[in-house]
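Novice: Just protein30.pdb, nothing more (PDB, C-alpha atoms):
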```pdb
ATOM      1  CA  MET A  42     119.430  20.594 185.786
ATOM      2  CA  ASP A  43     117.168  22.759 183.629
ATOM      3  CA  ARG A  44     118.500  26.307 183.919
ATOM      4  CA  SER A  45     116.697  29.452 182.838
ATOM      5  CA  VAL A  46     117.241  33.211 182.780
ATOM      6  CA  SER A  47     114.329  35.600 183.249
ATOM      7  CA  PHE A  48     113.980  38.775 181.237
ATOM      8  CA  THR A  49     114.302  40.925 184.364
ATOM      9  CA  GLN A  50     117.545  39.158 185.328
ATOM     10  CA  LEU A  51     118.982  39.634 181.831
ATOM     11  CA  ALA A  52     118.028  43.315 181.789
ATOM     12  CA  ALA A  53     119.424  43.999 185.275
ATOM     13  CA  ASP A  54     122.708  42.086 184.899
ATOM     14  CA  LEU A  55     123.713  43.840 181.654
ATOM     15  CA  HIS A  56     122.201  47.270 182.323
ATOM     16  CA  ALA A  57     125.409  48.923 183.522
ATOM     17  CA  GLU A  58     127.409  47.555 180.599
ATOM     18  CA  LEU A  59     124.960  48.045 177.740
ATOM     19  CA  GLY A  60     123.111  51.067 179.109
ATOM     20  CA  TRP A  61     119.771  49.911 177.840
ATOM     21  CA  THR A  62     116.274  50.886 178.929
ATOM     22  CA  VAL A  63     113.341  48.546 179.509
ATOM     23  CA  LEU A  64     110.447  49.673 177.330
ATOM     24  CA  HIS A  65     108.104  46.838 178.241
ATOM     25  CA  VAL A  66     108.138  43.705 180.374
ATOM     26  CA  GLY A  67     106.203  40.973 178.634
ATOM     27  CA  ALA A  68     104.415  37.922 179.943
ATOM     28  CA  ALA A  69     105.347  36.735 183.453
ATOM     29  CA  GLY A  70     106.427  33.452 181.928
ATOM     30  CA  THR A  71     109.189  35.060 179.845
ATOM     31  CA  ALA A  72     112.112  32.788 180.644
ATOM     32  CA  LEU A  73     114.970  31.849 178.357
ATOM     33  CA  ARG A  74     116.074  28.215 178.294
ATOM     34  CA  ALA A  75     118.676  26.461 176.179
ATOM     35  CA  ASP A  76     117.575  23.880 173.630
ATOM     36  CA  PRO A  77     117.486  20.486 175.441
ATOM     37  CA  GLN A  78     119.387  19.024 172.482
ATOM     38  CA  HIS A  79     122.129  21.659 172.818
ATOM     39  CA  VAL A  80     122.210  22.452 176.536
ATOM     40  CA  SER A  81     125.666  24.045 176.359
ATOM     41  CA  ASP A  82     124.758  26.485 173.563
ATOM     42  CA  GLY A  83     122.865  29.356 175.189
ATOM     43  CA  ALA A  84     124.342  31.719 172.596
ATOM     44  CA  ALA A  85     122.063  30.145 169.954
ATOM     45  CA  LEU A  86     119.093  31.873 171.607
ATOM     46  CA  VAL A  87     120.252  35.269 170.330
ATOM     47  CA  GLY A  88     120.495  36.533 166.770
ATOM     48  CA  PHE A  89     119.608  39.204 164.254
ATOM     49  CA  LEU A  90     116.190  39.231 162.614
ATOM     50  CA  SER A  91     115.658  35.864 160.972
ATOM     51  CA  PHE A  92     112.610  34.291 159.366
ATOM     52  CA  ILE A  93     114.165  30.847 158.842
ATOM     53  CA  ARG A  94     116.016  30.158 162.093
ATOM     54  CA  SER A  95     114.143  32.325 164.568
ATOM     55  CA  HIS A  96     115.672  33.240 167.925
ATOM     56  CA  PRO A  97     113.790  33.939 171.178
ATOM     57  CA  VAL A  98     116.003  37.018 171.640
ATOM     58  CA  GLN A  99     116.350  39.127 168.501
ATOM     59  CA  VAL A 100     118.366  42.279 167.901
ATOM     60  CA  LEU A 101     117.126  44.989 165.539
ATOM     61  CA  GLY A 102     119.439  47.716 164.278
ATOM     62  CA  ARG A 103     118.944  50.260 161.516
ATOM     63  CA  ALA A 104     119.382  47.694 158.724
ATOM     64  CA  GLU A 105     116.644  45.456 160.140
ATOM     65  CA  ILE A 106     114.267  48.352 160.779
ATOM     66  CA  ASP A 107     114.771  49.662 157.216
ATOM     67  CA  TYR A 108     113.939  46.198 155.879
ATOM     68  CA  LEU A 109     110.788  45.940 158.007
ATOM     69  CA  HIS A 110     109.648  49.365 156.862
ATOM     70  CA  SER A 111     109.655  47.975 153.304
ATOM     71  CA  HIS A 112     108.191  44.588 154.301
ATOM     72  CA  PRO A 113     106.046  45.196 157.433
ATOM     73  CA  GLU A 114     104.206  41.892 156.996
ATOM     74  CA  GLN A 115     107.439  39.982 157.650
ATOM     75  CA  LEU A 116     107.444  40.995 161.311
ATOM     76  CA  TYR A 117     104.565  38.614 161.984
ATOM     77  CA  GLN A 118     106.470  35.690 160.458
ATOM     78  CA  VAL A 119     108.940  35.694 163.354
ATOM     79  CA  LYS A 120     108.394  32.655 165.560
ATOM     80  CA  ARG A 121     109.422  32.032 169.207
ATOM     81  CA  LEU A 122     110.109  35.739 169.777
ATOM     82  CA  ARG A 123     110.284  36.557 173.504
ATOM     83  CA  VAL A 124     112.668  39.522 173.755
ATOM     84  CA  LEU A 125     113.263  42.240 171.183
ATOM     85  CA  ILE A 126     116.357  44.433 171.593
ATOM     86  CA  LEU A 127     116.273  47.702 169.668
ATOM     87  CA  ALA A 128     119.861  48.823 169.039
ATOM     88  CA  GLU A 129     121.365  52.022 167.645
ATOM     89  CA  GLY A 130     118.495  54.067 169.060
ATOM     90  CA  VAL A 131     115.989  52.902 166.414
ATOM     91  CA  GLU A 132     112.297  53.616 166.934
ATOM     92  CA  PRO A 133     109.839  51.099 165.458
ATOM     93  CA  PRO A 134     106.340  52.201 164.448
ATOM     94  CA  PRO A 135     103.902  52.219 167.419
ATOM     95  CA  GLU A 136     101.626  49.683 165.693
ATOM     96  CA  TRP A 137     104.477  47.123 165.670
ATOM     97  CA  MET A 138     105.054  47.684 169.353
ATOM     98  CA  ALA A 139     101.373  47.286 170.145
ATOM     99  CA  ALA A 140     101.100  44.051 168.144
ATOM    100  CA  LEU A 141     104.161  42.488 169.766
ATOM    101  CA  ILE A 142     103.221  43.628 173.260
ATOM    102  CA  SER A 143      99.906  41.843 172.827
ATOM    103  CA  GLU A 144     101.935  38.694 172.097
ATOM    104  CA  GLY A 145     103.807  39.055 175.410
ATOM    105  CA  VAL A 146     107.122  40.213 173.894
ATOM    106  CA  SER A 147     109.517  42.201 176.123
ATOM    107  CA  PHE A 148     111.421  45.226 174.783
ATOM    108  CA  LEU A 149     114.828  46.759 175.458
ATOM    109  CA  VAL A 150     116.337  49.778 173.723
ATOM    110  CA  SER A 151     119.979  50.889 173.582
ATOM    111  CA  GLU A 152     122.095  53.421 171.709
ATOM    112  CA  LEU A 153     124.977  50.952 171.284
ATOM    113  CA  PRO A 154     125.797  49.218 167.961
ATOM    114  CA  ALA A 155     123.734  46.126 167.227
ATOM    115  CA  ARG A 156     126.779  43.874 166.758
ATOM    116  CA  ARG A 157     128.194  44.760 170.167
ATOM    117  CA  ILE A 158     124.883  44.050 171.892
ATOM    118  CA  LEU A 159     124.465  40.763 170.041
ATOM    119  CA  VAL A 160     127.906  39.452 171.023
ATOM    120  CA  ARG A 161     127.595  40.479 174.679
ATOM    121  CA  VAL A 162     124.135  38.973 175.146
ATOM    122  CA  GLN A 163     125.316  35.748 173.488
ATOM    123  CA  GLN A 164     128.266  35.584 175.896
ATOM    124  CA  TYR A 165     125.990  36.230 178.857
ATOM    125  CA  LEU A 166     123.423  33.544 177.972
ATOM    126  CA  GLN A 167     126.163  31.063 177.056
ATOM    127  CA  ARG A 168     127.553  31.401 180.579
ATOM    128  CA  GLU A 169     124.284  31.600 182.511
ATOM    129  CA  LEU A 170     122.601  28.624 180.798
ATOM    130  CA  ALA A 171     125.632  26.342 180.709
ATOM    131  CA  PRO A 172     125.512  23.106 182.761
ATOM    132  CA  ARG A 173     127.295  23.445 186.092
ATOM    133  CA  CYS A 174     128.014  21.696 189.372
ATOM    134  CA  LEU A 175     129.615  22.373 192.757
ATOM    135  CA  LEU A 176     132.604  20.252 193.769
ATOM    136  CA  HIS A 177     134.382  19.994 197.106
ATOM    137  CA  GLY A 178     138.044  20.901 196.767
ATOM    138  CA  VAL A 179     140.507  23.707 196.110
ATOM    139  CA  LEU A 180     141.213  25.173 192.669
ATOM    140  CA  VAL A 181     144.559  26.828 191.988
ATOM    141  CA  ASP A 182     146.322  28.179 188.925
ATOM    142  CA  VAL A 183     149.742  26.504 188.881
ATOM    143  CA  LEU A 184     152.015  27.668 186.074
ATOM    144  CA  GLY A 185     148.981  28.395 183.904
ATOM    145  CA  VAL A 186     147.370  24.998 184.553
ATOM    146  CA  GLY A 187     144.053  24.888 186.427
ATOM    147  CA  VAL A 188     144.576  22.237 189.123
ATOM    148  CA  LEU A 189     141.691  20.929 191.238
ATOM    149  CA  ILE A 190     142.989  19.561 194.549
ATOM    150  CA  GLN A 191     140.772  17.027 196.270
ATOM    151  CA  GLY A 192     140.992  14.837 199.342
ATOM    152  CA  GLU A 193     139.266  13.967 202.586
ATOM    153  CA  ALA A 194     138.369  16.695 205.072
ATOM    154  CA  GLY A 195     141.348  17.717 207.203
ATOM    155  CA  ILE A 196     143.980  16.101 204.997
ATOM    156  CA  GLY A 197     145.611  19.453 204.153
ATOM    157  CA  LYS A 198     144.119  20.756 200.888
ATOM    158  CA  SER A 199     143.923  24.358 202.053
ATOM    159  CA  GLU A 200     147.404  24.260 203.585
ATOM    160  CA  LEU A 201     148.763  22.955 200.294
ATOM    161  CA  ALA A 202     146.968  25.709 198.382
ATOM    162  CA  LEU A 203     148.324  28.299 200.828
ATOM    163  CA  GLU A 204     151.869  27.073 200.230
ATOM    164  CA  LEU A 205     151.307  27.211 196.460
ATOM    165  CA  VAL A 206     150.064  30.807 196.743
ATOM    166  CA  SER A 207     153.179  31.675 198.780
ATOM    167  CA  ARG A 208     155.191  30.299 195.828
ATOM    168  CA  ASN A 209     153.536  32.860 193.507
ATOM    169  CA  HIS A 210     150.738  30.662 192.171
ATOM    170  CA  ARG A 211     147.130  31.877 192.234
ATOM    171  CA  LEU A 212     144.003  30.827 194.123
ATOM    172  CA  ILE A 213     140.625  30.543 192.423
ATOM    173  CA  ALA A 214     138.460  28.862 195.060
ATOM    174  CA  ASP A 215     138.811  27.146 198.416
ATOM    175  CA  ASP A 216     136.502  24.450 199.781
ATOM    176  CA  SER A 217     133.798  24.805 197.100
ATOM    177  CA  VAL A 218     134.447  25.073 193.350
ATOM    178  CA  LEU A 219     131.757  26.028 190.829
ATOM    179  CA  CYS A 220     132.437  24.150 187.586
ATOM    180  CA  ILE A 221     130.787  25.410 184.372
ATOM    181  CA  LEU A 222     130.748  23.650 180.997
ATOM    182  CA  GLU A 223     131.644  26.712 178.904
ATOM    183  CA  ALA A 224     131.963  24.812 175.598
ATOM    184  CA  PRO A 225     132.218  21.183 174.469
ATOM    185  CA  GLY A 226     135.179  19.704 176.363
ATOM    186  CA  VAL A 227     135.906  22.974 178.197
ATOM    187  CA  VAL A 228     135.145  23.198 181.940
ATOM    188  CA  THR A 229     136.068  26.324 183.886
ATOM    189  CA  GLY A 230     136.276  26.607 187.655
ATOM    190  CA  HIS A 231     134.946  29.606 189.573
ATOM    191  CA  CYS A 232     134.620  30.668 193.186
ATOM    192  CA  PRO A 233     131.116  31.052 194.660
ATOM    193  CA  ALA A 234     130.549  34.739 195.394
ATOM    194  CA  ALA A 235     130.293  34.260 199.162
ATOM    195  CA  LEU A 236     133.757  32.641 199.355
ATOM    196  CA  LYS A 237     135.659  34.944 196.978
ATOM    197  CA  ASP A 238     139.253  35.656 198.155
ATOM    198  CA  PHE A 239     138.778  33.706 201.394
ATOM    199  CA  MET A 240     140.385  30.488 202.613
ATOM    200  CA  GLU A 241     139.895  28.421 205.757
ATOM    201  CA  VAL A 242     143.184  27.149 207.175
ATOM    202  CA  ARG A 243     143.194  24.926 210.233
ATOM    203  CA  GLY A 244     144.953  26.704 213.047
ATOM    204  CA  LEU A 245     144.654  30.116 211.399
ATOM    205  CA  GLY A 246     140.934  30.241 210.743
ATOM    206  CA  ILE A 247     139.537  32.384 207.911
ATOM    207  CA  VAL A 248     142.140  34.356 205.970
ATOM    208  CA  ASN A 249     141.758  36.765 203.060
ATOM    209  CA  ILE A 250     144.297  35.770 200.423
ATOM    210  CA  ARG A 251     143.985  39.038 198.496
ATOM    211  CA  GLN A 252     144.779  41.062 201.625
ATOM    212  CA  LEU A 253     147.689  38.819 202.661
ATOM    213  CA  PHE A 254     149.404  38.271 199.304
ATOM    214  CA  GLY A 255     148.036  41.004 197.032
ATOM    215  CA  ALA A 256     145.647  41.164 194.077
ATOM    216  CA  ALA A 257     147.945  39.041 191.880
ATOM    217  CA  SER A 258     147.472  36.054 194.224
ATOM    218  CA  VAL A 259     143.845  35.455 193.207
ATOM    219  CA  ILE A 260     142.071  34.999 189.887
ATOM    220  CA  GLU A 261     138.338  34.845 189.130
ATOM    221  CA  SER A 262     138.283  31.679 187.018
ATOM    222  CA  LYS A 263     140.483  29.163 185.260
ATOM    223  CA  ARG A 264     140.023  26.356 182.788
ATOM    224  CA  LEU A 265     140.260  23.026 184.589
ATOM    225  CA  ARG A 266     143.010  20.809 183.189
ATOM    226  CA  LEU A 267     144.204  18.460 185.972
ATOM    227  CA  VAL A 268     142.809  16.843 189.127
ATOM    228  CA  ILE A 269     145.125  15.917 191.996
ATOM    229  CA  GLU A 270     143.825  13.862 194.899
ATOM    230  CA  ILE A 271     145.947  13.804 198.044
ATOM    231  CA  ARG A 272     145.498  10.673 200.127
ATOM    232  CA  ASP A 273     146.816   9.229 203.353
ATOM    233  CA  MET A 274     147.939   5.937 201.818
ATOM    234  CA  ALA A 275     148.838   2.839 203.791
ATOM    235  CA  GLU A 276     152.270   1.267 203.268
ATOM    236  CA  MET A 277     150.720  -1.562 201.255
ATOM    237  CA  GLU A 278     149.143   0.926 198.835
ATOM    238  CA  LEU A 279     152.481   2.678 198.384
ATOM    239  CA  ALA A 280     154.184  -0.622 197.667
ATOM    240  CA  ASP A 281     151.610  -1.456 194.996
ATOM    241  CA  MET A 282     151.848   1.930 193.259
ATOM    242  CA  ASP A 283     153.273   2.029 189.740
ATOM    243  CA  ARG A 284     156.629   3.744 190.259
ATOM    244  CA  LEU A 285     156.992   4.668 186.582
ATOM    245  CA  GLN A 286     153.633   6.363 186.070
ATOM    246  CA  GLY A 287     152.221   6.883 189.545
ATOM    247  CA  GLN A 288     148.551   6.309 190.300
ATOM    248  CA  VAL A 289     146.669   7.961 187.446
ATOM    249  CA  ASP A 290     143.139   7.539 186.109
ATOM    250  CA  ASN A 291     140.396   9.703 184.561
ATOM    251  CA  TRP A 292     137.641  11.477 186.449
ATOM    252  CA  ASP A 293     134.477  12.763 184.796
ATOM    253  CA  ILE A 294     133.261  16.330 185.428
ATOM    254  CA  LEU A 295     130.135  17.451 183.528
ATOM    255  CA  GLY A 296     130.773  14.730 180.951
ATOM    256  CA  VAL A 297     134.406  15.753 180.356
ATOM    257  CA  PRO A 298     137.174  13.302 181.424
ATOM    258  CA  PHE A 299     140.134  14.795 183.290
ATOM    259  CA  PRO A 300     143.400  13.087 184.256
ATOM    260  CA  ARG A 301     143.478  12.474 188.013
ATOM    261  CA  LEU A 302     146.754  11.916 189.848
ATOM    262  CA  ARG A 303     146.792  10.547 193.390
ATOM    263  CA  LEU A 304     149.598  11.772 195.643
ATOM    264  CA  PRO A 305     150.323  10.123 199.005
ATOM    265  CA  VAL A 306     150.658  12.384 202.039
ATOM    266  CA  SER A 307     153.510  11.911 204.503
ATOM    267  CA  ALA A 308     155.671  14.130 206.693
ATOM    268  CA  ALA A 309     158.692  13.811 204.403
ATOM    269  CA  ARG A 310     156.975  14.806 201.146
ATOM    270  CA  ASN A 311     156.842  18.370 199.812
ATOM    271  CA  LEU A 312     153.443  18.333 198.141
ATOM    272  CA  ALA A 313     153.739  21.858 196.738
ATOM    273  CA  VAL A 314     156.810  20.841 194.725
ATOM    274  CA  LEU A 315     155.039  17.687 193.565
ATOM    275  CA  VAL A 316     151.973  19.659 192.423
ATOM    276  CA  GLU A 317     154.216  22.079 190.517
ATOM    277  CA  ALA A 318     155.988  19.149 188.847
ATOM    278  CA  ALA A 319     152.638  17.516 188.028
ATOM    279  CA  ALA A 320     151.412  20.749 186.405
ATOM    280  CA  ARG A 321     154.612  21.022 184.354
ATOM    281  CA  GLY A 322     154.326  17.360 183.371
ATOM    282  CA  HIS A 323     150.716  17.792 182.287
ATOM    283  CA  TYR A 324     151.673  20.792 180.162
ATOM    284  CA  VAL A 325     154.445  18.755 178.520
ATOM    285  CA  ARG A 326     152.058  15.852 177.816
ATOM    286  CA  GLU A 327     149.524  18.205 176.254
ATOM    287  CA  SER A 328     152.356  19.425 174.017
ATOM    288  CA  GLY A 329     152.676  15.887 172.663
ATOM    289  CA  VAL A 330     155.664  14.652 174.679
ATOM    290  CA  ASP A 331     155.422  11.178 176.239
ATOM    291  CA  MET A 332     158.004  11.170 179.023
ATOM    292  CA  LEU A 333     157.590   7.460 179.739
ATOM    293  CA  ALA A 334     158.225   6.648 176.067
ATOM    294  CA  LEU A 335     161.345   8.846 176.145
ATOM    295  CA  PHE A 336     162.592   7.007 179.224
ATOM    296  CA  ASP A 337     161.894   3.624 177.649
ATOM    297  CA  ARG A 338     163.748   4.623 174.454
ATOM    298  CA  GLN A 339     166.714   5.876 176.450
ATOM    299  CA  THR A 340     166.979   2.704 178.548
ATOM    300  CA  ARG A 341     166.820   0.584 175.405
ATOM    301  CA  GLU A 342     169.618   2.554 173.791
ATOM    302  CA  VAL A 343     171.775   2.247 176.917
ATOM    303  CA  GLY A 344     171.038  -1.486 177.045
ATOM    304  CA  ARG A 345     172.191  -1.920 173.434
ATOM    305  CA  ARG A 346     175.462  -0.082 174.125
ATOM    306  CA  LEU A 347     176.161  -2.351 177.064
TER     307      LEU A 347
END
```
I need this file expressed as structure tokens, please.
Specialist:
Amino acid sequence: MDRSVSFTQLAADLHAELGWTVLHVGAAGTALRADPQHVSDGAALVGFLSFIRSHPVQVLGRAEIDYLHSHPEQLYQVKRLRVLILAEGVEPPPEWMAALISEGVSFLVSELPARRILVRVQQYLQRELAPRCLLHGVLVDVLGVGVLIQGEAGIGKSELALELVSRNHRLIADDSVLCILEAPGVVTGHCPAALKDFMEVRGLGIVNIRQLFGAASVIESKRLRLVIEIRDMAEMELADMDRLQGQVDNWDILGVPFPRLRLPVSAARNLAVLVEAAARGHYVRESGVDMLALFDRQTREVGRRL
């Protein structure tokens, strides 16, 4: 989906943090969009004054203004300019302002250092313009691993997440998870604003996890690392499951493959313990340890001794 950020949204969202003032709102069509060839790189839209690789959002501090005072003609060589941010309280000549306003350029002014403004606006646009999607499921932070729990409605996802929270793990989102491609190969999960801190548990209704378990029981976002699908499997499916590796495949989210483990649900199984063990196992595998290879080596050595 083609995402965009308007100038008014940018100015309003960062006003409290950067303390800037809107000097002029340019053309109504001022909207910032990521390059279609680099949809996950919204930060590339922002930069210091450049005549070779122009940016739609440019930051001018004292060094840039001093240069333009000596080379005023260079200002008109800037291409694609949509938003000009004047940092460090600089004041450009009125004729520059008039010329750029006629071109539909929007202006912001702040007393903060240019570098700080540049980095923060890059972070903001990187997040806002990144590809994203909504997934049904529950996202929890288990031992530092972002685990997305999926399954059919009513199978017990929220109850499992509630038990994990009671075991000192942290909830990110229940029922609906906002996934954002923050960087190549990096997907983070967030909670939609309307659902923040809340969970629906059958039999209990709507509960506020922060109020029940404290502020440490919830977290705003987490990098997604593992998907666990809980399923009500028939006996035949259990019999056919690989007992050495379980039922594991890869699932694609925003073009990034994630390992997906399927866990069968039954009255005798403690799913919270299994999810904890799966998170620990995933962490070990990411550290370069192949537990199945270790088991195979050990059985071979025992076989040779016998």
Novice: Figure out the distance between CA of Val206 in chain A and CA of Asp290 in chain A, please, to one decimal in Å.
Specialist: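 The value is 26.5 Å.
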Novice: Hey, which of A:Gly246, A:Gly67, A:Gly102, A:Pro113 ends up closest to Arg156 in chain A? Count all atoms listed in the file.
Specialist: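 The answer is A:Gly102, which sits nearest to Arg156 in chain A.
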Novice: Using the chain letters and numbers from the file, give me the residues hit by the PyMOL selection byres ((chain A and resi 101) around 8), as a short mmCIF file (atom, residue, chain, number, x, y, z; two decimals) with C-alpha atoms, in the coordinates of the input.
Specialist:
```
data_model
loop_
_atom_site.label_atom_id
_atom_site.label_comp_id
_atom_site.auth_asym_id
_atom_site.auth_seq_id
_atom_site.Cartn_x
_atom_site.Cartn_y
_atom_site.Cartn_z
CA PHE A 89 119.61 39.20 164.25
CA LEU A 90 116.19 39.23 162.61
CA GLN A 99 116.35 39.13 168.50
CA VAL A 100 118.37 42.28 167.90
CA GLY A 102 119.44 47.72 164.28
CA ARG A 103 118.94 50.26 161.52
CA ALA A 104 119.38 47.69 158.72
CA GLU A 105 116.64 45.46 160.14
CA ILE A 106 114.27 48.35 160.78
CA LEU A 125 113.26 42.24 171.18
CA ILE A 126 116.36 44.43 171.59
CA LEU A 127 116.27 47.70 169.67
CA ALA A 128 119.86 48.82 169.04
CA ALA A 155 123.73 46.13 167.23
#
```
Novice: Determine the residue set returned by the PyMOL selection byres ((chain A and resi 52-54) around 12) for the present structure, and present it as a ChimeraX atom specification.
Specialist: /A:46-51,55-66,124-126,147-151,161-162,165-166,169
Novice: Point out the residue among A:Asp182, A:Asp331, A:Asp337, A:Asp107 with the least atom-to-atom distance to Pro134 in chain A, counting all atoms listed in the file.
Specialist: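 Among the listed residues, A:Asp107 lies closest to Pro134 in chain A.
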Novice: Using only C-alpha atoms for the distances, tell me which of A:Val188, A:Ala224, A:Asp293, A:Lys263 is nearest to Ala318 in chain A.
Specialist: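 The answer is A:Val188, which sits nearest to Ala318 in chain A.
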Novice: Using only C-alpha atoms, pick whichever of A:Glu152, A:Glu144, A:Glu261, A:Glu270 has the shortest atom-to-atom distance to Glu129 in chain A.
Specialist: A:Glu152
Novice: Can you turn the PyMOL selection byres ((chain A and resi 218) around 9) into a concrete residue list for this file, as a list in words?
Specialist: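 Taken on the displayed file, the PyMOL selection byres ((chain A and resi 218) around 9) yields the residues Cys174, Leu175, Leu176, His177, Gly178, Val179, Leu180, Leu189, Ile213, Ala214, Asp215, Asp216, Ser217, Leu219, Cys220, Gly230, His231, Cys232 and Pro233 of chain A.
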Novice: Identify which of the residues A:Leu236, A:Val289, A:Val183, A:Ile142 lies closest to Arg264 in chain A, counting all atoms listed in the file when measuring atom-to-atom distances.
Specialist: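 Of all the options, A:Val183 lies closest to Arg264 in chain A.
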Novice: Taking all atoms listed in the file into account, name the residue in A:Leu295, A:Leu170, A:Val316, A:Leu222 that is nearest to Ala202 in chain A.
Specialist: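 Among the listed residues, A:Val316 lies closest to Ala202 in chain A.
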